[in-house]
Number of protein chains: 2
Amino acid sequence: MELMATKPRRAPRRTQALSKDVIVRAATELLDAEGENALTLRALTVRLATGYGAIYHHVADRDDLLGAATDDIIGRMVTGLATDAEPRQALRSLALGLFDAIDAHPWAGTQISREPWRPALLDIYESIGRHLRSLQVPERAVPGSAGVLVNYILGVAGQNAANARALADGKTDRSAFLATVATRWAHLDPARYPSLHKAGAHLRDHDDREQFLAGVDLILAGIETVHRPGKDDLP
Amino acid sequence: MELMATKPRRAPRRTQALSKDVIVRAATELLDAEGENALTLRALTVRLATGYGAIYHHVADRDDLLGAATDDIIGRMVTGLATDAEPRQALRSLALGLFDAIDAHPWAGTQISREPWRPALLDIYESIGRHLRSLQVPERAVPGSAGVLVNYILGVAGQNAANARALADGKTDRSAFLATVATRWAHLDPARYPSLHKAGAHLRDHDDREQFLAGVDLILAGIETVHRPGKDDLP
DNA sequence: ACCTGAACACCGTTCAAGT
DNA sequence: ACCTGAACACCGTTCAAGT
């Protein structure tokens, strides 16, 4: 009758064994290509030619997967830094490295703060703390100062992630997006938003990355001013 | 004839007319009571004794609702501040007000950066910009300085939101949670995380709010150091 | 141990139909 | 204009069954 047709054979078994690493890599590719919402379990099974259970055998749940992907990116970034630089320059390199990593993987920006006990955030704190000590920041001022830097970096990271989300919808590119925001600010009611109204004009030609680094320098200047070594260690 | 039997009557009409305001208020109550995941359209229809369409008639979608609830909280906070304070103190009050608002409504912490064109963030930028001008920060340094403060505040806000999410699961309270984190840090491998290992001991008795304010002061010190009025306005 | 995929318990959103 | 609620098109996660 009609059963000549190929009977619905099972999907062929994967040739390469599955592992958390392989899954995390595939998830990262999906996230980079299409944004956070594109990471669905369904999309992963298709890309990896496997079933749901196989994935859940290596990974606790979707959050665990997002966290592992973030740890991977941040960890690689932090350990990849030159270790012999002058401390102030090392701190700037670390900050810029984080900025660039999050610029390349914006979904990771929100993820770092989402599960604060994960290696991604621990690595950042650790690295910043170490550099601050090299900068002669007094021991008792290190945790607080590191906290300020970390929170500033996470704030910028979150904004970058939000911008990327906004860009993912349309096919507008980054500079067109900035121009739109600038125009919108310039058109804000000058009575309610006089400050932003003025700033709108300057927003168009500002460099996120440069601005970010200026912020890091500003905070470092604050740390040095407030915690000048020896400032209140002597009577 | 036979219509004596109660026919499955429709749900009674709401007595009070629906409005965006009423919906936003109900959403805020759900969010405060049970966290971000508790805000489902279904839960809203139950609480408001209405249907899905009624809600979508006043609100674009779930994101719009979250954004409007955040705008409401931040807007009320910003406009509620005393307007006659000394500028430095005004800046500290604003920062503390934001901290407390986000502490009371942690879900708003992540929301502020999520849609950066919404009034919540604009109000914050505007207010900070105004105060910085009163502080005699030179005009061209205002946008950058405001950006540093805003990003720091958003970073802390995001962390608070993450902590609240972690607390929502179990019934652990805040100090127990901090103690857990402190213990975990203290137990970290001292070889990989020497800096955190040391900090773990101090984490237990630190006051988030106080630490946050110290961070604001540190950044203000940085702004004053880097942009001392007249510093490079004169030749 | 490792994997498959149907089934379950949810979501946000739409829309023809009601008042 | 304002509202109702069944229906649609998705989700993440589980689990009996396979190898």
# chains A, B, ... in the order shown; residues from 1 in each chain; ligands from 1
$ select_by_dssp --residues "stretch 8-209 of chain B" --states "alpha helix (DSSP H)" --output "ChimeraX atom specification"
/B:20-34,41-48,52-58,62-79,87-104,106-114,119-134,142-169,174-186,194-203,208-209
$ write_last_selection --atoms "C-alpha atoms" --output "compact mmCIF listing (two decimals), in the first residue's frame"
# COMPACT_ATOMS: atom_id res chain seq x y z
CA LYS B 20 -4.12 51.78 34.42
CA ASP B 21 -3.59 53.18 37.86
CA VAL B 22 -5.66 50.53 39.59
CA ILE B 23 -3.90 47.80 37.60
CA VAL B 24 -0.45 49.17 38.41
CA ARG B 25 -1.31 49.31 42.09
CA ALA B 26 -2.49 45.71 42.10
CA ALA B 27 0.63 44.63 40.21
CA THR B 28 2.85 46.37 42.75
CA GLU B 29 1.12 44.58 45.60
CA LEU B 30 1.62 41.22 43.92
CA LEU B 31 5.28 41.99 43.21
CA ASP B 32 6.00 43.18 46.74
CA ALA B 33 4.26 40.24 48.35
CA GLU B 34 5.62 37.40 46.24
CA LEU B 41 -1.63 37.97 34.04
CA ARG B 42 -3.73 35.20 35.48
CA ALA B 43 -3.04 36.29 39.06
CA LEU B 44 -3.93 39.85 38.10
CA THR B 45 -7.28 38.87 36.60
CA VAL B 46 -8.14 37.01 39.79
CA ARG B 47 -7.10 39.84 42.07
CA LEU B 48 -8.94 42.42 40.01
CA TYR B 52 -7.37 39.37 30.29
CA GLY B 53 -8.77 41.73 27.70
CA ALA B 54 -9.68 44.32 30.32
CA ILE B 55 -6.07 44.48 31.43
CA TYR B 56 -4.71 44.61 27.89
CA HIS B 57 -7.10 47.44 27.22
CA HIS B 58 -5.22 49.64 29.67
CA ARG B 62 3.59 42.68 30.91
CA ASP B 63 6.78 44.70 30.41
CA ASP B 64 4.78 47.89 30.17
CA LEU B 65 3.16 47.01 33.46
CA LEU B 66 6.48 46.35 35.18
CA GLY B 67 7.86 49.58 33.77
CA ALA B 68 4.87 51.63 34.87
CA ALA B 69 5.05 50.19 38.38
CA THR B 70 8.75 51.09 38.54
CA ASP B 71 8.15 54.61 37.21
CA ASP B 72 5.52 55.06 39.86
CA ILE B 73 7.81 54.10 42.72
CA ILE B 74 10.84 56.03 41.53
CA GLY B 75 8.85 59.08 40.50
CA ARG B 76 7.13 59.31 43.85
CA MET B 77 10.47 58.92 45.60
CA VAL B 78 12.27 61.60 43.58
CA THR B 79 9.53 64.21 43.77
CA PRO B 87 23.36 70.13 47.50
CA ARG B 88 25.76 67.59 48.90
CA GLN B 89 23.21 66.50 51.46
CA ALA B 90 20.49 66.49 48.81
CA LEU B 91 22.57 64.08 46.75
CA ARG B 92 23.01 61.78 49.72
CA SER B 93 19.27 61.90 50.48
CA LEU B 94 18.46 61.04 46.89
CA ALA B 95 20.86 58.11 46.93
CA LEU B 96 19.51 56.82 50.24
CA GLY B 97 15.95 57.30 49.07
CA LEU B 98 16.67 55.18 46.02
CA PHE B 99 18.37 52.57 48.15
CA ASP B 100 15.39 52.33 50.48
CA ALA B 101 12.86 52.32 47.66
CA ILE B 102 14.66 49.45 45.98
CA ASP B 103 15.09 47.68 49.28
CA ALA B 104 11.31 47.84 49.73
CA PRO B 106 13.58 44.83 44.99
CA TRP B 107 11.99 43.76 41.69
CA ALA B 108 12.21 47.44 40.67
CA GLY B 109 15.99 47.30 41.00
CA THR B 110 16.50 45.31 37.84
CA GLN B 111 13.67 47.04 36.07
CA ILE B 112 15.18 50.54 36.11
CA SER B 113 17.98 49.65 33.74
CA ARG B 114 15.84 47.33 31.64
CA PRO B 119 10.75 58.04 33.36
CA ALA B 120 12.23 56.02 36.22
CA LEU B 121 15.76 56.36 34.89
CA LEU B 122 15.23 59.80 33.39
CA ASP B 123 14.06 61.15 36.75
CA ILE B 124 17.17 59.78 38.42
CA TYR B 125 19.55 61.26 35.84
CA GLU B 126 17.78 64.58 35.93
CA SER B 127 17.83 64.85 39.67
CA ILE B 128 21.49 63.87 39.97
CA GLY B 129 22.48 66.24 37.18
CA ARG B 130 20.74 69.12 38.89
CA HIS B 131 22.43 68.48 42.21
CA LEU B 132 25.85 68.16 40.61
CA ARG B 133 25.43 71.58 39.04
CA SER B 134 24.53 73.00 42.43
CA VAL B 142 28.16 66.88 34.63
CA PRO B 143 26.96 64.15 32.24
CA GLY B 144 29.96 61.93 32.89
CA SER B 145 29.84 62.39 36.65
CA ALA B 146 26.11 61.75 36.72
CA GLY B 147 26.70 58.59 34.69
CA VAL B 148 29.16 57.25 37.26
CA LEU B 149 26.77 57.86 40.13
CA VAL B 150 23.80 56.41 38.25
CA ASN B 151 25.66 53.29 37.20
CA TYR B 152 26.93 52.74 40.72
CA ILE B 153 23.41 53.07 42.08
CA LEU B 154 22.03 50.73 39.43
CA GLY B 155 24.72 48.20 40.20
CA VAL B 156 23.81 48.16 43.88
CA ALA B 157 20.14 48.04 42.95
CA GLY B 158 20.72 44.98 40.79
CA GLN B 159 22.57 43.23 43.58
CA ASN B 160 19.77 43.98 46.01
CA ALA B 161 17.27 42.58 43.57
CA ALA B 162 19.34 39.43 43.21
CA ASN B 163 19.60 39.00 46.97
CA ALA B 164 15.86 39.43 47.32
CA ARG B 165 15.29 36.79 44.67
CA ALA B 166 17.54 34.42 46.56
CA LEU B 167 15.67 35.16 49.78
CA ALA B 168 12.25 34.66 48.20
CA ASP B 169 12.88 30.94 47.70
CA ARG B 174 18.35 38.78 55.45
CA SER B 175 20.94 38.44 58.19
CA ALA B 176 20.91 34.65 57.99
CA PHE B 177 21.49 35.01 54.28
CA LEU B 178 24.44 37.36 54.79
CA ALA B 179 25.87 34.96 57.34
CA THR B 180 25.61 32.14 54.82
CA VAL B 181 27.41 34.15 52.18
CA ALA B 182 30.08 35.15 54.69
CA THR B 183 30.66 31.55 55.68
CA ARG B 184 30.80 30.50 52.07
CA TRP B 185 33.38 33.18 51.32
CA ALA B 186 35.42 32.25 54.35
CA PRO B 194 42.82 34.95 48.92
CA SER B 195 41.18 38.34 48.85
CA LEU B 196 37.63 37.06 49.33
CA HIS B 197 38.79 34.56 51.89
CA LYS B 198 40.00 37.46 54.02
CA ALA B 199 36.92 39.58 53.35
CA GLY B 200 34.53 36.79 54.38
CA ALA B 201 35.24 37.46 58.03
CA HIS B 202 34.22 41.11 57.77
CA LEU B 203 31.15 40.54 55.66
CA ASP B 208 24.60 47.43 53.29
CA ARG B 209 23.02 50.81 53.58
$ interface_residues --of "chain C" --to "chain B" --cutoff "10 Å" --atoms "only C-alpha atoms (C1' of nucleotides)" --output "PyMOL selection string"
chain C and resi 11-15
$ write_last_selection --atoms "all heavy atoms" --output "mmCIF file, in the first residue's frame"
data_model
loop_
_atom_site.group_PDB
_atom_site.id
_atom_site.type_symbol
_atom_site.label_atom_id
_atom_site.label_comp_id
_atom_site.auth_asym_id
_atom_site.auth_seq_id
_atom_site.Cartn_x
_atom_site.Cartn_y
_atom_site.Cartn_z
ATOM 1 P P DC C 11 1.524 30.340 35.993
ATOM 2 O OP1 DC C 11 1.806 30.764 37.377
ATOM 3 O OP2 DC C 11 0.141 30.373 35.485
ATOM 4 O "O5'" DC C 11 2.443 31.204 35.043
ATOM 5 C "C5'" DC C 11 1.938 31.497 33.777
ATOM 6 C "C4'" DC C 11 3.050 31.807 32.837
ATOM 7 O "O4'" DC C 11 3.300 30.678 31.984
ATOM 8 C "C3'" DC C 11 2.672 32.956 31.938
ATOM 9 O "O3'" DC C 11 3.302 34.107 32.413
ATOM 10 C "C2'" DC C 11 3.151 32.537 30.577
ATOM 11 C "C1'" DC C 11 3.082 31.021 30.624
ATOM 12 N N1 DC C 11 1.815 30.381 30.161
ATOM 13 C C2 DC C 11 1.500 30.389 28.800
ATOM 14 O O2 DC C 11 2.264 30.960 28.020
ATOM 15 N N3 DC C 11 0.363 29.784 28.391
ATOM 16 C C4 DC C 11 -0.437 29.178 29.280
ATOM 17 N N4 DC C 11 -1.543 28.577 28.837
ATOM 18 C C5 DC C 11 -0.130 29.163 30.679
ATOM 19 C C6 DC C 11 0.984 29.775 31.083
ATOM 20 P P DG C 12 2.510 35.475 32.531
ATOM 21 O OP1 DG C 12 3.326 36.378 33.367
ATOM 22 O OP2 DG C 12 1.103 35.206 32.880
ATOM 23 O "O5'" DG C 12 2.564 35.967 31.021
ATOM 24 C "C5'" DG C 12 3.822 36.267 30.448
ATOM 25 C "C4'" DG C 12 3.641 36.539 28.982
ATOM 26 O "O4'" DG C 12 2.945 35.423 28.390
ATOM 27 C "C3'" DG C 12 2.800 37.772 28.680
ATOM 28 O "O3'" DG C 12 3.352 38.414 27.548
ATOM 29 C "C2'" DG C 12 1.405 37.186 28.419
ATOM 30 C "C1'" DG C 12 1.733 35.839 27.787
ATOM 31 N N9 DG C 12 0.731 34.801 28.062
ATOM 32 C C8 DG C 12 0.272 34.385 29.275
ATOM 33 N N7 DG C 12 -0.615 33.425 29.216
ATOM 34 C C5 DG C 12 -0.750 33.188 27.863
ATOM 35 C C6 DG C 12 -1.579 32.251 27.167
ATOM 36 O O6 DG C 12 -2.380 31.429 27.636
ATOM 37 N N1 DG C 12 -1.418 32.339 25.781
ATOM 38 C C2 DG C 12 -0.558 33.209 25.159
ATOM 39 N N2 DG C 12 -0.544 33.148 23.820
ATOM 40 N N3 DG C 12 0.221 34.087 25.787
ATOM 41 C C4 DG C 12 0.071 34.024 27.131
ATOM 42 P P DT C 13 2.786 39.798 27.030
ATOM 43 O OP1 DT C 13 3.840 40.475 26.258
ATOM 44 O OP2 DT C 13 2.108 40.463 28.153
ATOM 45 O "O5'" DT C 13 1.685 39.291 25.976
ATOM 46 C "C5'" DT C 13 2.111 38.437 24.932
ATOM 47 C "C4'" DT C 13 0.938 38.096 24.042
ATOM 48 O "O4'" DT C 13 0.111 37.096 24.679
ATOM 49 C "C3'" DT C 13 0.005 39.274 23.727
ATOM 50 O "O3'" DT C 13 -0.002 39.449 22.325
ATOM 51 C "C2'" DT C 13 -1.351 38.844 24.294
ATOM 52 C "C1'" DT C 13 -1.216 37.317 24.312
ATOM 53 N N1 DT C 13 -2.057 36.604 25.311
ATOM 54 C C2 DT C 13 -2.923 35.623 24.882
ATOM 55 O O2 DT C 13 -3.062 35.332 23.714
ATOM 56 N N3 DT C 13 -3.629 35.001 25.881
ATOM 57 C C4 DT C 13 -3.557 35.252 27.248
ATOM 58 O O4 DT C 13 -4.248 34.631 28.043
ATOM 59 C C5 DT C 13 -2.635 36.293 27.628
ATOM 60 C C7 DT C 13 -2.472 36.649 29.067
ATOM 61 C C6 DT C 13 -1.929 36.907 26.652
ATOM 62 P P DT C 14 -0.914 40.536 21.596
ATOM 63 O OP1 DT C 14 -0.164 41.001 20.423
ATOM 64 O OP2 DT C 14 -1.415 41.460 22.620
ATOM 65 O "O5'" DT C 14 -2.121 39.638 21.068
ATOM 66 C "C5'" DT C 14 -1.810 38.468 20.329
ATOM 67 C "C4'" DT C 14 -3.086 37.769 19.884
ATOM 68 O "O4'" DT C 14 -3.746 37.178 21.030
ATOM 69 C "C3'" DT C 14 -4.124 38.690 19.229
ATOM 70 O "O3'" DT C 14 -4.596 38.014 18.081
ATOM 71 C "C2'" DT C 14 -5.207 38.841 20.306
ATOM 72 C "C1'" DT C 14 -5.127 37.487 20.987
ATOM 73 N N1 DT C 14 -5.581 37.401 22.402
ATOM 74 C C2 DT C 14 -6.412 36.376 22.769
ATOM 75 O O2 DT C 14 -6.829 35.541 21.982
ATOM 76 N N3 DT C 14 -6.756 36.358 24.099
ATOM 77 C C4 DT C 14 -6.338 37.250 25.082
ATOM 78 O O4 DT C 14 -6.693 37.134 26.241
ATOM 79 C C5 DT C 14 -5.450 38.302 24.621
ATOM 80 C C7 DT C 14 -4.942 39.313 25.604
ATOM 81 C C6 DT C 14 -5.129 38.322 23.319
ATOM 82 P P DC C 15 -5.321 38.801 16.878
ATOM 83 O OP1 DC C 15 -4.841 38.155 15.644
ATOM 84 O OP2 DC C 15 -5.202 40.256 17.076
ATOM 85 O "O5'" DC C 15 -6.845 38.390 17.107
ATOM 86 C "C5'" DC C 15 -7.169 37.046 17.454
ATOM 87 C "C4'" DC C 15 -8.644 36.941 17.779
ATOM 88 O "O4'" DC C 15 -8.829 36.978 19.209
ATOM 89 C "C3'" DC C 15 -9.497 38.085 17.220
ATOM 90 O "O3'" DC C 15 -10.770 37.587 16.873
ATOM 91 C "C2'" DC C 15 -9.611 39.040 18.401
ATOM 92 C "C1'" DC C 15 -9.739 38.023 19.535
ATOM 93 N N1 DC C 15 -9.375 38.568 20.858
ATOM 94 C C2 DC C 15 -9.795 37.887 22.013
ATOM 95 O O2 DC C 15 -10.444 36.849 21.887
ATOM 96 N N3 DC C 15 -9.477 38.391 23.225
ATOM 97 C C4 DC C 15 -8.766 39.526 23.303
ATOM 98 N N4 DC C 15 -8.465 39.984 24.507
ATOM 99 C C5 DC C 15 -8.336 40.235 22.138
ATOM 100 C C6 DC C 15 -8.657 39.720 20.957
#
$ atom_distance --atom1 "atom CA of A:Glu86" --atom2 "atom CA of B:Leu220"
25.9 Å
$ closest_residue --among "A:Pro190, A:Gly35, A:Pro116, A:Gly51" --to "chain B" --atoms "only C-alpha atoms"
A:Pro116
$ closest_residue --among "B:Asp173, B:Glu36, B:Asp205, B:Glu224" --to "chain A" --atoms "only C-alpha atoms"
B:Glu224
$ atom_distance --atom1 "atom CA of B:Ala49" --atom2 "atom CA of B:Asn37"
20.0 Å
$ closest_residue --among "A:Ala17, A:Glu115, A:Arg228, A:Arg204" --to "chain B" --atoms "only C-alpha atoms"
A:Glu115
